[in-house]
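Below is the file query-v1.csv, which contains CSV, C-alpha atoms.
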chain,number,residue,atom,x,y,z
A,3,MET,CA,3.8,0.1,30.3
A,4,LYS,CA,6.3,2.8,29.6
A,5,LYS,CA,9.4,2.0,27.6
A,6,LYS,CA,12.6,1.8,29.5
A,7,ALA,CA,16.0,3.1,28.4
A,8,LEU,CA,19.2,2.2,30.2
A,9,ILE,CA,22.3,4.4,29.9
A,10,THR,CA,25.7,3.2,30.8
A,11,GLY,CA,28.1,6.0,31.7
A,12,ILE,CA,25.4,8.4,32.7
A,13,THR,CA,27.8,10.4,34.9
A,14,GLY,CA,29.8,11.5,31.8
A,15,MET,CA,29.1,14.6,29.7
A,16,VAL,CA,27.3,12.7,26.9
A,17,GLY,CA,25.4,10.3,29.2
A,18,SER,CA,24.1,13.1,31.4
A,19,HIS,CA,22.9,15.2,28.4
A,20,LEU,CA,21.3,12.1,26.8
A,21,ALA,CA,19.4,11.5,30.0
A,22,ASP,CA,18.2,15.1,30.0
A,23,LEU,CA,17.0,14.8,26.4
A,24,LEU,CA,15.2,11.5,26.9
A,25,LEU,CA,13.4,12.7,30.0
A,26,LYS,CA,12.3,15.9,28.1
A,27,LYS,CA,11.4,14.4,24.7
A,28,LYS,CA,10.3,10.9,25.4
A,29,ASN,CA,7.7,9.4,27.8
A,30,TRP,CA,10.2,6.7,28.8
A,31,ASN,CA,11.6,5.6,32.2
A,32,VAL,CA,15.4,6.1,32.3
A,33,VAL,CA,17.9,4.1,34.3
A,34,GLY,CA,21.3,5.6,34.6
A,35,VAL,CA,24.1,3.2,35.3
A,36,CYS,CA,27.3,4.3,37.0
A,37,ARG,CA,30.2,2.9,39.1
A,38,TRP,CA,29.8,3.6,42.9
A,39,ARG,CA,33.0,5.7,42.8
A,40,SER,CA,32.2,7.8,39.8
A,41,PRO,CA,32.0,11.6,40.2
A,42,ILE,CA,28.4,12.7,40.3
A,43,ASP,CA,28.8,16.4,39.5
A,44,ASN,CA,27.0,16.0,36.1
A,45,ILE,CA,24.0,14.2,37.5
A,46,LYS,CA,23.2,16.0,40.8
A,47,HIS,CA,20.0,17.2,39.3
A,48,LEU,CA,19.1,13.7,38.1
A,49,ILE,CA,19.8,12.2,41.5
A,50,SER,CA,17.5,14.8,43.1
A,51,ALA,CA,14.8,14.0,40.6
A,52,SER,CA,15.2,10.3,41.2
A,53,GLU,CA,14.3,10.7,44.8
A,54,LYS,CA,10.9,12.1,44.0
A,55,LYS,CA,7.8,9.9,44.0
A,56,ASN,CA,6.9,8.4,40.7
A,57,SER,CA,10.2,9.7,39.2
A,58,ARG,CA,11.0,8.5,35.6
A,59,ILE,CA,14.7,8.5,36.4
A,60,LYS,CA,16.6,5.9,38.5
A,61,ILE,CA,20.3,5.6,39.2
A,62,ASP,CA,21.8,2.2,39.7
A,63,TYR,CA,25.3,0.8,40.0
A,64,ALA,CA,27.3,-1.6,38.0
A,65,ASP,CA,30.9,-1.9,36.5
A,66,LEU,CA,31.9,-2.9,33.0
A,67,ASN,CA,34.7,-4.9,34.6
A,68,ASP,CA,32.3,-6.9,36.8
A,69,TYR,CA,30.2,-9.4,34.8
A,70,SER,CA,27.8,-10.2,37.7
A,71,SER,CA,26.9,-6.6,38.3
A,72,LEU,CA,26.0,-6.2,34.6
A,73,LEU,CA,24.0,-9.4,34.5
A,74,LYS,CA,22.1,-8.3,37.7
A,75,ILE,CA,21.3,-4.8,36.3
A,76,ILE,CA,20.1,-6.1,32.9
A,77,ASN,CA,17.8,-8.7,34.5
A,78,LYS,CA,16.6,-6.2,37.1
A,79,HIS,CA,15.6,-3.5,34.7
A,80,LYS,CA,14.9,-5.4,31.4
A,81,PRO,CA,15.5,-2.3,29.2
A,82,ASP,CA,13.9,-1.7,25.8
A,83,TYR,CA,16.8,0.5,24.8
A,84,ILE,CA,20.4,0.4,25.9
A,85,PHE,CA,22.7,3.4,25.2
A,86,HIS,CA,26.2,2.1,25.9
A,87,LEU,CA,28.4,5.2,26.6
A,88,ALA,CA,30.5,4.0,29.5
A,89,ALA,CA,34.2,3.9,28.7
A,90,GLN,CA,37.7,4.9,29.5
A,91,SER,CA,37.3,7.9,27.3
A,92,PHE,CA,40.6,9.9,27.6
A,93,PRO,CA,43.0,9.2,24.7
A,94,LYS,CA,45.9,10.8,26.5
A,95,ALA,CA,45.3,8.7,29.6
A,96,SER,CA,45.2,5.5,27.5
A,97,PHE,CA,49.0,5.8,26.9
A,98,ASP,CA,49.5,5.6,30.6
A,99,MET,CA,47.0,2.8,31.3
A,100,PRO,CA,46.4,0.9,28.1
A,101,ASN,CA,45.4,-2.4,29.8
A,102,VAL,CA,42.7,-0.6,31.8
A,103,THR,CA,41.5,1.0,28.6
A,104,PHE,CA,41.4,-2.3,26.7
A,105,ASP,CA,39.7,-4.2,29.5
A,106,THR,CA,37.0,-1.5,30.1
A,107,ASN,CA,36.3,-0.6,26.5
A,108,ILE,CA,36.7,-3.9,24.7
A,109,SER,CA,36.1,-6.6,27.3
A,110,GLY,CA,33.6,-4.4,29.1
A,111,THR,CA,31.5,-4.0,25.9
A,112,TYR,CA,31.7,-7.8,25.3
A,113,ARG,CA,30.5,-8.4,28.9
A,114,LEU,CA,27.6,-6.1,28.6
A,115,LEU,CA,26.4,-7.5,25.3
A,116,ASP,CA,26.9,-11.0,26.5
A,117,THR,CA,24.6,-10.3,29.5
A,118,VAL,CA,21.9,-9.2,27.0
A,119,VAL,CA,22.2,-12.6,25.2
A,120,LYS,CA,22.2,-14.5,28.4
A,121,SER,CA,19.1,-12.7,29.6
A,122,ASN,CA,17.2,-13.5,26.4
A,123,LEU,CA,16.3,-9.9,25.9
A,124,ASN,CA,16.3,-8.1,22.5
A,125,PRO,CA,16.5,-4.4,23.2
A,126,VAL,CA,17.7,-1.8,20.7
A,127,ILE,CA,21.3,-1.2,21.6
A,128,HIS,CA,23.4,1.9,20.8
A,129,VAL,CA,27.1,1.1,20.9
A,130,CYS,CA,29.3,4.3,21.1
A,131,SER,CA,32.4,3.9,19.0
A,132,SER,CA,34.5,6.9,18.0
A,133,SER,CA,35.9,8.7,15.0
A,134,GLU,CA,39.3,8.0,16.7
A,135,VAL,CA,39.1,4.6,14.9
A,136,PHE,CA,40.0,6.3,11.7
A,137,GLY,CA,43.2,7.9,13.2
A,138,ARG,CA,45.6,9.2,10.6
A,139,VAL,CA,43.6,9.8,7.4
A,140,SER,CA,45.2,10.9,4.1
A,141,LYS,CA,43.9,14.0,2.4
A,142,GLU,CA,42.5,12.0,-0.5
A,143,LYS,CA,40.1,10.1,1.9
A,144,LEU,CA,38.6,13.3,3.2
A,145,PRO,CA,35.8,13.9,4.0
A,146,ILE,CA,35.8,10.7,6.1
A,147,ASN,CA,32.9,8.3,5.4
A,148,GLU,CA,32.0,4.9,6.9
A,149,ASP,CA,34.1,3.0,4.4
A,150,CYS,CA,37.3,4.7,5.5
A,151,SER,CA,39.8,2.2,6.8
A,152,PHE,CA,40.8,2.0,10.5
A,153,HIS,CA,44.2,3.5,11.4
A,154,PRO,CA,44.0,4.0,15.2
A,155,ALA,CA,46.7,6.2,16.7
A,156,SER,CA,46.4,5.6,20.4
A,157,PRO,CA,45.5,2.8,22.8
A,158,TYR,CA,42.1,4.5,23.2
A,159,ALA,CA,41.5,4.4,19.5
A,160,ILE,CA,42.5,0.7,19.3
A,161,SER,CA,40.0,0.0,22.1
A,162,LYS,CA,37.3,1.7,20.2
A,163,VAL,CA,38.1,-0.4,17.1
A,164,GLY,CA,37.5,-3.4,19.4
A,165,THR,CA,34.2,-1.8,20.7
A,166,ASP,CA,33.1,-1.2,17.1
A,167,LEU,CA,33.9,-4.8,16.0
A,168,ILE,CA,32.3,-6.4,19.1
A,169,GLY,CA,29.1,-4.6,18.3
A,170,ARG,CA,29.2,-5.9,14.8
A,171,PHE,CA,29.9,-9.4,16.0
A,172,PHE,CA,26.9,-9.5,18.4
A,173,PHE,CA,24.7,-8.2,15.6
A,174,GLU,CA,25.8,-10.9,13.2
A,175,ALA,CA,26.2,-13.8,15.6
A,176,TYR,CA,23.2,-13.2,17.9
A,177,ASN,CA,21.0,-11.0,15.8
A,178,LEU,CA,21.0,-8.2,18.5
A,179,LYS,CA,19.6,-4.9,17.3
A,180,ILE,CA,22.8,-2.9,17.5
A,181,LEU,CA,23.5,0.5,16.1
A,182,THR,CA,27.0,1.8,16.3
A,183,THR,CA,28.0,5.5,16.1
A,184,ARG,CA,31.4,6.9,15.5
A,185,MET,CA,31.0,10.4,16.9
A,186,PHE,CA,33.6,13.1,16.1
A,187,THR,CA,34.7,15.7,18.6
A,188,HIS,CA,31.9,17.1,20.7
A,189,THR,CA,31.9,19.5,23.6
A,190,GLY,CA,29.8,21.7,25.7
A,191,PRO,CA,28.6,22.1,29.3
A,192,ARG,CA,30.0,19.4,31.7
A,193,ARG,CA,33.1,18.9,29.7
A,194,THR,CA,36.1,18.2,32.0
A,195,ASP,CA,39.3,20.2,31.8
A,196,PHE,CA,41.1,17.1,30.7
A,197,PHE,CA,40.2,18.0,27.1
A,198,ALA,CA,41.7,20.8,25.0
A,199,GLU,CA,38.9,23.3,24.6
A,200,SER,CA,37.9,23.0,28.3
A,201,SER,CA,41.5,23.3,29.3
A,202,PHE,CA,41.9,26.5,27.2
A,203,ALA,CA,38.8,28.0,28.8
A,204,LYS,CA,40.0,27.1,32.3
A,205,GLN,CA,43.4,28.6,31.7
A,206,ILE,CA,41.9,31.9,30.3
A,207,ALA,CA,39.6,32.1,33.4
A,208,MET,CA,42.6,31.6,35.6
A,209,ILE,CA,44.5,34.4,33.8
A,210,GLU,CA,41.5,36.7,34.2
A,211,ASN,CA,41.5,36.0,37.9
A,212,ASN,CA,45.3,36.4,38.2
A,213,LYS,CA,45.9,32.8,39.1
A,214,ASN,CA,48.6,31.9,36.6
A,215,ASN,CA,51.3,33.5,34.6
A,216,ASN,CA,49.3,34.8,31.6
A,217,THR,CA,50.3,31.9,29.5
A,218,VAL,CA,47.8,29.5,27.8
A,219,TYR,CA,49.5,26.1,27.2
A,220,VAL,CA,48.3,24.2,24.1
A,221,GLY,CA,49.1,21.0,22.2
A,222,ASN,CA,49.2,20.5,18.5
A,223,LEU,CA,47.4,23.4,17.0
A,224,LYS,CA,47.8,22.0,13.5
A,225,SER,CA,45.4,19.1,14.2
A,226,LEU,CA,42.2,19.4,12.3
A,227,ARG,CA,38.9,18.7,14.0
A,228,THR,CA,35.2,19.1,13.4
A,229,ILE,CA,33.5,20.0,16.7
A,230,ALA,CA,29.9,19.5,17.6
A,231,ASP,CA,27.9,20.7,20.6
A,232,VAL,CA,27.2,17.7,22.8
A,233,ARG,CA,23.5,18.6,22.9
A,234,ASP,CA,23.3,18.4,19.1
A,235,ALA,CA,25.3,15.1,19.3
A,236,VAL,CA,22.9,13.4,21.6
A,237,ARG,CA,19.9,14.6,19.7
Would you kindly transcribe this structure into structure tokens?
Amino acid sequence: MKKKALITGITGMVGSHLADLLLKKKNWNVVGVCRWRSPIDNIKHLISASEKKNSRIKIDYADLNDYSSLLKIINKHKPDYIFHLAAQSFPKASFDMPNVTFDTNISGTYRLLDTVVKSNLNPVIHVCSSSEVFGRVSKEKLPINEDCSFHPASPYAISKVGTDLIGRFFFEAYNLKILTTRMFTHTGPRRTDFFAESSFAKQIAMIENNKNNNTVYVGNLKSLRTIADVRDAVR
């Protein structure tokens, strides 16, 4: 029987590229999990593929804020691997809706991992934290390593500290096979214009098509970032 990987947040940039990679590189069946109201622009090709006979990709629906839907989907698919990418992932938006961010990212992660425990499964689980947990880092601590202390600078970053620690808790308390990554900035195809580099590109394209006033609006250009291609990140 083929191994089965379940990806939460498959409609996002990272989730959709991860699904592409697994379907190409692994002989696994892939289940993509999304909310019923999530935009599907990034996965139109996967939806088309899922409708074919004997397809290795399936799209199913659940919500991190609805425990019963998570329990149902875990029991239904019994995955060998879980890639937990679903989140409220916009740092700027987290200042306007911190409670939604905390509930989705912290409590949502807890709900998902608890359903795995309740289902008596033991898949390999990837929990996606973020380099945002490190926040403001003094120069003497650069380059950042895994022992760098947390200093979150936004509600989003705080929520990812919670995600990170919940993953560790379920590993220690329930012996789940959890691997946590703290990815730094990554970009590429399917990046929304909510983020800096995509916004810059969109503004330039609008200037080239005479649709704005020849001004590119930016944020803090003194901020230092390492930027990876999303396809390298998922690989």
Contacts of A:Val129 at 10 Å or less, counting all atoms listed in the file, minus same-chain residues fewer than 3 places along, as a VMD selection string?
-> chain A and resid 84 to 88 111 115 126 132 165 to 166 168 to 170 180 to 184
Let me see the file: selected residues, C-alpha atoms, as a PDB file, keeping the file's coordinate frame.
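The resulting file, out.pdb, is reproduced below:
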ATOM      1  CA  ILE A  84      20.400   0.400  25.900  1.00  0.00           C
ATOM      2  CA  PHE A  85      22.700   3.400  25.200  1.00  0.00           C
ATOM      3  CA  HIS A  86      26.200   2.100  25.900  1.00  0.00           C
ATOM      4  CA  LEU A  87      28.400   5.200  26.600  1.00  0.00           C
ATOM      5  CA  ALA A  88      30.500   4.000  29.500  1.00  0.00           C
ATOM      6  CA  THR A 111      31.500  -4.000  25.900  1.00  0.00           C
ATOM      7  CA  LEU A 115      26.400  -7.500  25.300  1.00  0.00           C
ATOM      8  CA  VAL A 126      17.700  -1.800  20.700  1.00  0.00           C
ATOM      9  CA  SER A 132      34.500   6.900  18.000  1.00  0.00           C
ATOM     10  CA  THR A 165      34.200  -1.800  20.700  1.00  0.00           C
ATOM     11  CA  ASP A 166      33.100  -1.200  17.100  1.00  0.00           C
ATOM     12  CA  ILE A 168      32.300  -6.400  19.100  1.00  0.00           C
ATOM     13  CA  GLY A 169      29.100  -4.600  18.300  1.00  0.00           C
ATOM     14  CA  ARG A 170      29.200  -5.900  14.800  1.00  0.00           C
ATOM     15  CA  ILE A 180      22.800  -2.900  17.500  1.00  0.00           C
ATOM     16  CA  LEU A 181      23.500   0.500  16.100  1.00  0.00           C
ATOM     17  CA  THR A 182      27.000   1.800  16.300  1.00  0.00           C
ATOM     18  CA  THR A 183      28.000   5.500  16.100  1.00  0.00           C
ATOM     19  CA  ARG A 184      31.400   6.900  15.500  1.00  0.00           C
TER      20      ARG A 184
END
Rows by chain and residue number, stretch 132-217 of chain A within 10 Å of stretch 17-36 of chain A, shortest pair, all atoms listed in the file, as a Markdown table:
| residue | atom | partner | partner_atom | distance |
| --- | --- | --- | --- | --- |
| A:Gly190 | CA | A:His19 | CA | 9.9 |
| A:Pro191 | CA | A:His19 | CA | 9.0 |
| A:Arg192 | CA | A:Ser18 | CA | 8.6 |
Have a look at atom CA of A:Met15 and atom CA of A:Phe171 and let me know their distance in Å, one decimal.
->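 Separating atom CA of A:Met15 from atom CA of A:Phe171 is a distance of 27.6 Å.
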Can you tell me how far atom CA of A:Lys80 sits from atom CA of A:Ile12, in Å to one decimal?
->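 Atom-to-atom, atom CA of A:Lys80 and atom CA of A:Ile12 are spaced 17.4 Å apart.
Ranking A:Val16, A:Ile61, A:Met3, A:Met99 by their shortest atom-to-atom distance to A:Asp234, with all atoms listed in the file included, puts A:Val16 first.
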Taken to one decimal, the atom CA of A:Phe197-atom CA of A:Arg233 distance is 17.2 Å
Using only C-alpha atoms, which residue out of A:Asn101, A:Ser201, A:Thr106, A:Ser91 lies closest to A:Asn67?
->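 Closest to A:Asn67 of all the choices is A:Thr106.
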Write out as number ranges by chain which residues come within 8 Å of A:Phe104 when counting only C-alpha atoms, dropping same-chain ones fewer than 6 positions away.
-> A: 157-158, 161
Excluding A:Phe136 and any residue of its chain fewer than 3 positions from it, enumerate the residues within 6 Å of it, using all atoms listed in the file, and give them as a count of residues only.
-> 4
Nearest to A:Ser225 by atom-to-atom distance, counting all atoms listed in the file, from A:Arg138, A:Cys150, A:Asn212, A:Thr189 |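 Ranking A:Arg138, A:Cys150, A:Asn212, A:Thr189 by distance to A:Ser225, first place goes to A:Arg138.
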Please identify all polymer residues within 9 Å of A:Ile42, counting only C-alpha atoms, omitting same-chain residues fewer than 6 positions from it, and present them as a ChimeraX atom specification.
-> /A:13-14,49
Counting all atoms listed in the file, closest pick from A:Arg227, A:Thr117, A:Gly164, A:Gly137 relative to A:Ser151 is A:Gly137
